[in-house]
>>> print(open('my_file09.cif').read())   # mmCIF, C-alpha atoms and all ligand atoms
data_final
#
loop_
_atom_site.label_atom_id
_atom_site.label_comp_id
_atom_site.auth_asym_id
_atom_site.auth_seq_id
_atom_site.Cartn_x
_atom_site.Cartn_y
_atom_site.Cartn_z
CA MET V 211 13.14 12.70 0.97
CA ALA V 212 10.43 11.39 3.27
CA TRP V 213 8.54 8.22 2.43
CA MET V 214 4.78 8.61 2.28
CA VAL V 215 3.94 5.03 3.04
CA SER V 216 1.06 5.09 5.46
CA MET V 217 -1.60 6.54 3.19
CA SER V 218 -3.09 3.65 1.22
CA GLN V 219 -1.53 0.49 2.55
CA ALA V 220 -4.51 -0.36 4.72
CA GLN V 221 -6.93 0.24 1.87
CA PHE V 222 -4.99 -2.10 -0.37
CA GLU V 223 -4.99 -4.88 2.16
CA ASN V 224 -8.68 -4.40 2.64
CA PHE V 225 -9.22 -4.61 -1.09
CA THR V 226 -7.48 -7.96 -1.35
CA ALA V 227 -9.65 -10.53 0.35
CA SER V 228 -7.89 -12.93 2.67
CA SER V 229 -10.92 -14.77 3.97
CA LEU V 230 -14.37 -15.39 2.52
CA TYR V 231 -17.44 -17.30 3.48
CA CYS V 232 -17.37 -20.88 2.22
CA GLU V 233 -20.72 -22.61 1.75
CA LYS V 234 -19.22 -26.07 1.99
CA CYS V 235 -17.36 -25.36 5.23
CA LYS V 236 -20.22 -23.16 6.49
CA ALA V 237 -17.69 -20.74 7.86
CA THR V 238 -15.50 -17.86 6.89
CA MET V 239 -12.35 -19.51 5.69
CA PRO V 240 -8.94 -18.24 4.70
CA VAL V 241 -8.66 -18.20 0.94
CA ARG V 242 -5.89 -18.56 -1.53
CA GLU V 243 -5.78 -16.36 -4.58
CA ARG V 244 -5.17 -18.01 -7.91
CA LEU V 245 -4.81 -16.39 -11.30
CA LEU V 246 -7.68 -17.78 -13.33
CA LEU V 247 -7.78 -15.87 -16.57
CA VAL V 248 -5.72 -13.21 -18.26
CA LEU V 249 -7.48 -10.88 -20.65
CA PRO V 250 -6.02 -7.96 -22.61
CA ASN V 251 -7.49 -5.39 -20.25
CA LYS V 252 -7.94 -7.32 -17.03
CA GLU V 253 -7.07 -10.38 -15.04
CA ILE V 254 -9.50 -12.59 -13.16
CA PHE V 255 -8.47 -14.17 -9.89
CA ASP V 256 -10.14 -17.12 -8.29
CA TYR V 257 -10.40 -17.44 -4.52
CA LEU V 258 -10.02 -20.97 -3.26
CA CYS V 259 -11.04 -22.05 0.21
CA THR V 260 -8.00 -23.42 1.99
CA GLY V 261 -10.22 -25.92 3.80
CA CYS V 262 -11.90 -27.68 0.88
CA THR V 263 -10.22 -26.00 -2.12
CA SER V 264 -13.52 -25.09 -3.71
CA SER V 265 -13.92 -21.71 -5.36
CA VAL V 266 -15.58 -19.22 -3.07
CA GLY V 267 -15.22 -16.06 -5.08
CA GLN V 268 -13.62 -14.23 -7.93
CA ARG V 269 -12.07 -10.87 -8.42
CA GLU V 270 -11.40 -8.88 -11.54
CA VAL V 271 -8.36 -6.72 -11.69
CA THR V 272 -8.32 -4.13 -14.41
CA ALA V 273 -5.14 -2.74 -15.87
CA GLY V 274 -5.53 0.40 -13.82
CA ASP V 275 -6.05 -1.52 -10.60
CA LYS V 276 -3.06 -3.67 -11.36
CA LEU V 277 -0.76 -0.74 -11.94
CA MET V 278 -1.95 0.80 -8.71
CA ALA V 279 -1.47 -2.45 -6.81
CA GLN V 280 1.99 -2.91 -8.27
CA ALA V 281 2.95 0.60 -7.31
CA MET V 282 1.73 0.05 -3.77
CA THR V 283 3.38 -3.34 -3.49
CA ALA V 284 6.65 -2.02 -4.77
CA ARG V 285 6.49 0.89 -2.39
CA SER V 286 5.46 -1.10 0.68
CA ARG V 287 8.12 -3.74 0.10
CA ARG V 288 10.72 -1.16 -0.82
CA ARG V 289 12.13 -3.23 -3.59
CA THR V 290 15.02 -1.65 -5.38
CA ARG V 291 13.76 -2.71 -8.81
CA ALA V 292 10.45 -1.00 -8.34
CA HIS V 293 10.20 0.98 -11.53
CA GLN V 294 9.73 -1.64 -14.18
CA LEU V 295 7.10 -0.27 -16.48
CA ALA V 296 5.17 -2.74 -18.56
CA PRO V 297 5.78 -2.55 -22.31
ZN ZN V 301 -14.42 -24.65 2.27
#
>>> encode(input="my_file09.cif", output="structure tokens")
Amino acid sequence: MAWMVSMSQAQFENFTASSLYCEKCKATMPVRERLLLVLPNKEIFDYLCTGCTSSVGQREVTAGDKLMAQAMTARSRRRTRAHQLAP
């Protein structure tokens, strides 16, 4: 019955970068995540500086990571349509 929410939420937020160092701005800037490339087994995200919109980093998300992130997102947001399994 009980929700086990607290366990990994902090880890997940830590894993997803929200600010990175930008060489153009010479500061740690908030970044925006953009889906750059979709491959059969992973997706590559681009991090854009919100100050100058240049790319300051990239992140690869493998299928396993994605499933885990989806599960966590679904659980933390408590969506009712949480259990949509990919084909
Ligand atoms: Zn910048």
>>> residues_near_ligand(input="my_file09.cif", ligand="ligand ZN 301 (chain V)", cutoff="12 Å", atoms="only C-alpha atoms and all ligand atoms", output="list in words")
Ser229, Leu230, Tyr231, Cys232, Glu233, Lys234, Cys235, Lys236, Ala237, Thr238, Met239, Pro240, Val241, Arg242, Tyr257, Leu258, Cys259, Thr260, Gly261, Cys262, Thr263, Ser264, Ser265, Val266 and Gly267 of chain V
>>> atom_distance(input="my_file09.cif", atom1="atom CA of Asn251 of chain V", atom2="atom CA of Leu277 of chain V")
11.7 Å
>>> atom_distance(input="my_file09.cif", atom1="atom CA of Lys252 of chain V", atom2="atom CA of Lys276 of chain V")
8.3 Å
>>> atom_distance(input="my_file09.cif", atom1="atom CA of Ser286 of chain V", atom2="atom CA of Leu247 of chain V")
26.3 Å
>>> residues_near_point(input="my_file09.cif", point="(-9.2, -11.3, -14.0)", cutoff="10 Å", atoms="all atoms listed in the file", output="ChimeraX atom specification")
/V:244-256,268-273
>>> build_atoms(input="my_file09.cif", residues="segment 241-258 of chain V", atoms="N, CA and C atoms", output="mmCIF file, in the frame of the given file")
data_model
loop_
_atom_site.group_PDB
_atom_site.id
_atom_site.type_symbol
_atom_site.label_atom_id
_atom_site.label_comp_id
_atom_site.auth_asym_id
_atom_site.auth_seq_id
_atom_site.Cartn_x
_atom_site.Cartn_y
_atom_site.Cartn_z
ATOM 1 N N VAL V 241 -8.641 -17.826 2.348
ATOM 2 C CA VAL V 241 -8.660 -18.200 0.940
ATOM 3 C C VAL V 241 -7.295 -17.980 0.315
ATOM 4 N N ARG V 242 -7.113 -18.713 -0.752
ATOM 5 C CA ARG V 242 -5.890 -18.560 -1.530
ATOM 6 C C ARG V 242 -6.264 -17.989 -2.882
ATOM 7 N N GLU V 243 -5.494 -17.015 -3.324
ATOM 8 C CA GLU V 243 -5.780 -16.360 -4.580
ATOM 9 C C GLU V 243 -5.048 -17.072 -5.712
ATOM 10 N N ARG V 244 -5.786 -17.337 -6.769
ATOM 11 C CA ARG V 244 -5.170 -18.010 -7.910
ATOM 12 C C ARG V 244 -5.529 -17.265 -9.187
ATOM 13 N N LEU V 245 -4.564 -17.065 -10.031
ATOM 14 C CA LEU V 245 -4.810 -16.390 -11.300
ATOM 15 C C LEU V 245 -5.585 -17.323 -12.215
ATOM 16 N N LEU V 246 -6.785 -16.902 -12.578
ATOM 17 C CA LEU V 246 -7.680 -17.780 -13.330
ATOM 18 C C LEU V 246 -7.619 -17.501 -14.823
ATOM 19 N N LEU V 247 -7.637 -16.233 -15.166
ATOM 20 C CA LEU V 247 -7.780 -15.870 -16.570
ATOM 21 C C LEU V 247 -7.100 -14.533 -16.815
ATOM 22 N N VAL V 248 -6.372 -14.460 -17.910
ATOM 23 C CA VAL V 248 -5.720 -13.210 -18.260
ATOM 24 C C VAL V 248 -6.325 -12.681 -19.559
ATOM 25 N N LEU V 249 -6.902 -11.523 -19.490
ATOM 26 C CA LEU V 249 -7.480 -10.880 -20.650
ATOM 27 C C LEU V 249 -6.662 -9.644 -20.989
ATOM 28 N N PRO V 250 -6.840 -9.118 -22.205
ATOM 29 C CA PRO V 250 -6.020 -7.960 -22.610
ATOM 30 C C PRO V 250 -6.131 -6.779 -21.643
ATOM 31 N N ASN V 251 -7.316 -6.565 -21.090
ATOM 32 C CA ASN V 251 -7.490 -5.390 -20.250
ATOM 33 C C ASN V 251 -7.712 -5.709 -18.781
ATOM 34 N N LYS V 252 -7.750 -6.981 -18.443
ATOM 35 C CA LYS V 252 -7.940 -7.320 -17.030
ATOM 36 C C LYS V 252 -7.516 -8.759 -16.753
ATOM 37 N N GLU V 253 -7.379 -9.030 -15.475
ATOM 38 C CA GLU V 253 -7.070 -10.380 -15.040
ATOM 39 C C GLU V 253 -8.140 -10.805 -14.047
ATOM 40 N N ILE V 254 -8.492 -12.082 -14.079
ATOM 41 C CA ILE V 254 -9.500 -12.590 -13.160
ATOM 42 C C ILE V 254 -8.842 -13.580 -12.207
ATOM 43 N N PHE V 255 -9.034 -13.309 -10.923
ATOM 44 C CA PHE V 255 -8.470 -14.170 -9.890
ATOM 45 C C PHE V 255 -9.575 -14.996 -9.263
ATOM 46 N N ASP V 256 -9.228 -16.202 -8.921
ATOM 47 C CA ASP V 256 -10.140 -17.120 -8.290
ATOM 48 C C ASP V 256 -9.724 -17.242 -6.822
ATOM 49 N N TYR V 257 -10.705 -17.233 -5.935
ATOM 50 C CA TYR V 257 -10.400 -17.440 -4.520
ATOM 51 C C TYR V 257 -10.777 -18.849 -4.120
ATOM 52 N N LEU V 258 -9.791 -19.591 -3.658
ATOM 53 C CA LEU V 258 -10.020 -20.970 -3.260
ATOM 54 C C LEU V 258 -10.000 -21.090 -1.753
#
